[in-house]
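Visitor: Please read through the structure below; I'll follow up with questions.
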Amino acid sequence: MTALSGKFDIYRAEELRATLKEAEDRRIKTIDFSDVSFVDAASLGCLAGWKARMADMEVRLVGVRPHIARLFRIVGFDSLFSISEQLPDDPHYSFV
């Protein structure tokens, strides 16, 4: 699992893109959003592009705050990703 934190806006889009590329290279399929407080259109574009490259895999966004989960549903991400406001309880998950 890869954990993100903070606000993801256009100024951090390149950082998000790099983080998602690293997750893609390592075949990580779960992203922890529990410490993310904001995402903008640039961030949504990064996530959509990442999912397109990971098309053959189920990708999970976990720990998503309610206001971000609502945004994800509005833009249709719930048809691309498995989205949960909860974090997995499995002790085998590790953070990068």
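Residue numbering restarts at 1 in every chain; chains get A, B, ... in the order shown in the structure tokens, and ligands count up from 1 in that same order.
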Give me the residues near Ala3 (chain A) as a CSV table (one decimal) with C-alpha atoms, in the first residue's frame, where near means some atom within 12 Å (using only C-alpha atoms) and where sequence neighbours in that chain fewer than 6 positions away do not count.

Guide:
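Wrote it out as around12.csv, contents follow:
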chain,number,residue,atom,x,y,z
A,16,LEU,CA,1.5,12.7,-7.3
A,19,THR,CA,4.3,8.6,-6.6
A,20,LEU,CA,1.7,6.8,-8.7
A,23,ALA,CA,3.4,2.4,-7.2
A,28,ILE,CA,1.0,-1.6,-5.7
A,29,LYS,CA,-2.8,-1.7,-6.1
A,30,THR,CA,-3.9,0.1,-2.9
A,31,ILE,CA,-3.5,3.8,-2.2
A,32,ASP,CA,-4.2,5.1,1.4
A,33,PHE,CA,-6.0,8.5,1.2
A,34,SER,CA,-6.6,8.8,5.0
A,35,ASP,CA,-4.2,11.8,5.3
A,36,VAL,CA,-5.4,13.5,2.1
A,60,ARG,CA,-8.3,0.3,-4.3
A,61,LEU,CA,-8.4,3.8,-2.8
A,62,VAL,CA,-8.8,3.4,1.0
A,63,GLY,CA,-9.2,5.7,3.9
A,64,VAL,CA,-10.9,8.2,1.6
A,87,LEU,CA,-8.5,1.4,6.0
A,93,TYR,CA,-0.5,-4.2,4.8
A,94,SER,CA,2.5,-2.0,4.9
A,95,PHE,CA,3.0,1.7,4.1
A,96,VAL,CA,5.6,3.0,1.6

Visitor: Can you pull out every residue from chain A that DSSP, working from the backbone, puts in alpha helix (DSSP H), and format the result as a PyMOL selection string?

Guide: chain A and resi 13-25+41-53+66-74

Visitor: Any chance you could list, as a PyMOL selection string, the residues in chain A that come up strand (DSSP E or B) when DSSP is run on the backbone?

Guide: chain A and resi 2-8+30-39+60-62+82-83

Visitor: Take the residues from that selection and put them in a file with C-alpha atoms, as a short mmCIF file (atom, residue, chain, number, x, y, z; two decimals), in the first residue's frame.

Guide:
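Contents of part.cif, as written:
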data_model
loop_
_atom_site.label_atom_id
_atom_site.label_comp_id
_atom_site.auth_asym_id
_atom_site.auth_seq_id
_atom_site.Cartn_x
_atom_site.Cartn_y
_atom_site.Cartn_z
CA THR A 2 1.17 3.53 -0.75
CA ALA A 3 0.10 6.33 1.59
CA LEU A 4 -0.52 9.88 0.41
CA SER A 5 -0.84 12.96 2.61
CA GLY A 6 -1.78 16.59 2.39
CA LYS A 7 -3.49 18.62 -0.29
CA PHE A 8 -3.13 17.52 -3.90
CA THR A 30 -3.91 0.12 -2.91
CA ILE A 31 -3.54 3.82 -2.16
CA ASP A 32 -4.18 5.13 1.36
CA PHE A 33 -5.97 8.48 1.25
CA SER A 34 -6.57 8.82 5.00
CA ASP A 35 -4.21 11.82 5.29
CA VAL A 36 -5.37 13.53 2.08
CA SER A 37 -7.51 16.59 2.73
CA PHE A 38 -8.00 17.96 -0.81
CA VAL A 39 -7.78 16.90 -4.46
CA ARG A 60 -8.31 0.32 -4.33
CA LEU A 61 -8.45 3.77 -2.78
CA VAL A 62 -8.82 3.35 0.98
CA SER A 82 -12.79 0.29 -5.42
CA ILE A 83 -13.27 3.20 -2.97
#

Visitor: What does the structure give for the distance between CA of Tyr11 (chain A) and CA of Gln86 (chain A), in Å to one decimal?

Guide: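 According to the coordinates, CA of Tyr11 (chain A) and CA of Gln86 (chain A) are separated by 27.4 Å.
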
Visitor: Compare A:Ser79, A:Glu15, A:Asp89, A:Ser84 by their minimum atom-to-atom distance to Cys46 (chain A), counting only C-alpha atoms, and give me the closest one.

Guide: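 Smallest distance to Cys46 (chain A) is found for A:Glu15.
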
Visitor: Using only C-alpha atoms, which of A:Leu80, A:Ile74, A:Ala69, A:Ala42 sits nearest Ala55 (chain A)?

Guide: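 Using only C-alpha atoms, Ala55 (chain A) sits closest to A:Leu80.
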
Visitor: Could you name the residues that touch Leu71 (chain A) at 12 Å or less, counting only C-alpha atoms, but leaving out those on the same chain fewer than 3 positions away, as an NGL selection string?

Guide: :A and (38-41 or 43-44 or 64-68 or 74-78 or 83)

Visitor: Atoms to include: N, CA and C atoms. Write the selected residues as a PDB file, in the first residue's frame.

Guide:
ATOM      1  N   PHE A  38      -7.486  17.245   0.355  1.00  0.00           N
ATOM      2  CA  PHE A  38      -7.998  17.963  -0.811  1.00  0.00           C
ATOM      3  C   PHE A  38      -7.422  17.350  -2.079  1.00  0.00           C
ATOM      4  N   VAL A  39      -8.249  17.256  -3.121  1.00  0.00           N
ATOM      5  CA  VAL A  39      -7.775  16.898  -4.460  1.00  0.00           C
ATOM      6  C   VAL A  39      -8.452  17.836  -5.463  1.00  0.00           C
ATOM      7  N   ASP A  40      -7.713  18.205  -6.506  1.00  0.00           N
ATOM      8  CA  ASP A  40      -8.294  19.060  -7.537  1.00  0.00           C
ATOM      9  C   ASP A  40      -8.322  18.314  -8.866  1.00  0.00           C
ATOM     10  N   ALA A  41      -8.687  19.020  -9.921  1.00  0.00           N
ATOM     11  CA  ALA A  41      -8.828  18.396 -11.239  1.00  0.00           C
ATOM     12  C   ALA A  41      -7.511  17.807 -11.734  1.00  0.00           C
ATOM     13  N   SER A  43      -5.191  16.467  -9.934  1.00  0.00           N
ATOM     14  CA  SER A  43      -5.018  15.210  -9.190  1.00  0.00           C
ATOM     15  C   SER A  43      -5.929  14.122  -9.751  1.00  0.00           C
ATOM     16  N   LEU A  44      -7.159  14.515 -10.074  1.00  0.00           N
ATOM     17  CA  LEU A  44      -8.089  13.550 -10.663  1.00  0.00           C
ATOM     18  C   LEU A  44      -7.526  13.026 -11.981  1.00  0.00           C
ATOM     19  N   VAL A  64     -10.491   7.006   2.331  1.00  0.00           N
ATOM     20  CA  VAL A  64     -10.898   8.229   1.633  1.00  0.00           C
ATOM     21  C   VAL A  64     -11.878   9.016   2.500  1.00  0.00           C
ATOM     22  N   ARG A  65     -11.570  10.258   2.755  1.00  0.00           N
ATOM     23  CA  ARG A  65     -12.453  11.109   3.562  1.00  0.00           C
ATOM     24  C   ARG A  65     -13.776  11.308   2.833  1.00  0.00           C
ATOM     25  N   PRO A  66     -14.859  11.479   3.589  1.00  0.00           N
ATOM     26  CA  PRO A  66     -16.193  11.565   2.964  1.00  0.00           C
ATOM     27  C   PRO A  66     -16.329  12.617   1.868  1.00  0.00           C
ATOM     28  N   HIS A  67     -15.756  13.799   2.058  1.00  0.00           N
ATOM     29  CA  HIS A  67     -15.903  14.839   1.035  1.00  0.00           C
ATOM     30  C   HIS A  67     -15.138  14.492  -0.245  1.00  0.00           C
ATOM     31  N   ILE A  68     -14.038  13.762  -0.110  1.00  0.00           N
ATOM     32  CA  ILE A  68     -13.287  13.331  -1.292  1.00  0.00           C
ATOM     33  C   ILE A  68     -13.983  12.139  -1.932  1.00  0.00           C
ATOM     34  N   ILE A  74     -18.975  11.630  -7.811  1.00  0.00           N
ATOM     35  CA  ILE A  74     -19.504  12.604  -8.769  1.00  0.00           C
ATOM     36  C   ILE A  74     -18.808  12.480 -10.118  1.00  0.00           C
ATOM     37  N   VAL A  75     -17.491  12.293 -10.110  1.00  0.00           N
ATOM     38  CA  VAL A  75     -16.745  12.217 -11.379  1.00  0.00           C
ATOM     39  C   VAL A  75     -16.701  10.799 -11.946  1.00  0.00           C
ATOM     40  N   GLY A  76     -17.344   9.854 -11.261  1.00  0.00           N
ATOM     41  CA  GLY A  76     -17.438   8.494 -11.786  1.00  0.00           C
ATOM     42  C   GLY A  76     -16.276   7.583 -11.435  1.00  0.00           C
ATOM     43  N   PHE A  77     -15.446   8.000 -10.494  1.00  0.00           N
ATOM     44  CA  PHE A  77     -14.319   7.149 -10.112  1.00  0.00           C
ATOM     45  C   PHE A  77     -14.766   5.851  -9.450  1.00  0.00           C
ATOM     46  N   ASP A  78     -15.980   5.825  -8.916  1.00  0.00           N
ATOM     47  CA  ASP A  78     -16.452   4.590  -8.297  1.00  0.00           C
ATOM     48  C   ASP A  78     -16.649   3.486  -9.330  1.00  0.00           C
ATOM     49  N   ILE A  83     -13.480   2.069  -3.881  1.00  0.00           N
ATOM     50  CA  ILE A  83     -13.266   3.196  -2.975  1.00  0.00           C
ATOM     51  C   ILE A  83     -13.871   2.878  -1.616  1.00  0.00           C
TER      52      ILE A  83
END

Visitor: As an exercise, work out the distance from CA of Gly45 (chain A) to CA of Arg73 (chain A) in Å and give it to one decimal place.

Guide: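 A separation of 14.6 Å between them.
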
Visitor: Measuring atom to atom with only C-alpha atoms, identify which of A:Arg17, A:Glu85, A:Glu22, A:Asp56 is nearest to Arg70 (chain A).

Guide: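 Answer, going by the shortest atom-to-atom distance: A:Glu85.
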
Visitor: Determine the nearest neighbour of Arg53 (chain A) from the options A:Phe72, A:Met1, A:Ala18, A:Glu24, counting only C-alpha atoms.

Guide: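 Comparing A:Phe72, A:Met1, A:Ala18, A:Glu24 against Arg53 (chain A), the winner is A:Glu24.
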
Visitor: I'd like to know which of A:Lys21, A:Phe81, A:Leu47, A:Arg12 is closest to Val59 (chain A), using only C-alpha atoms.

Guide: A:Phe81
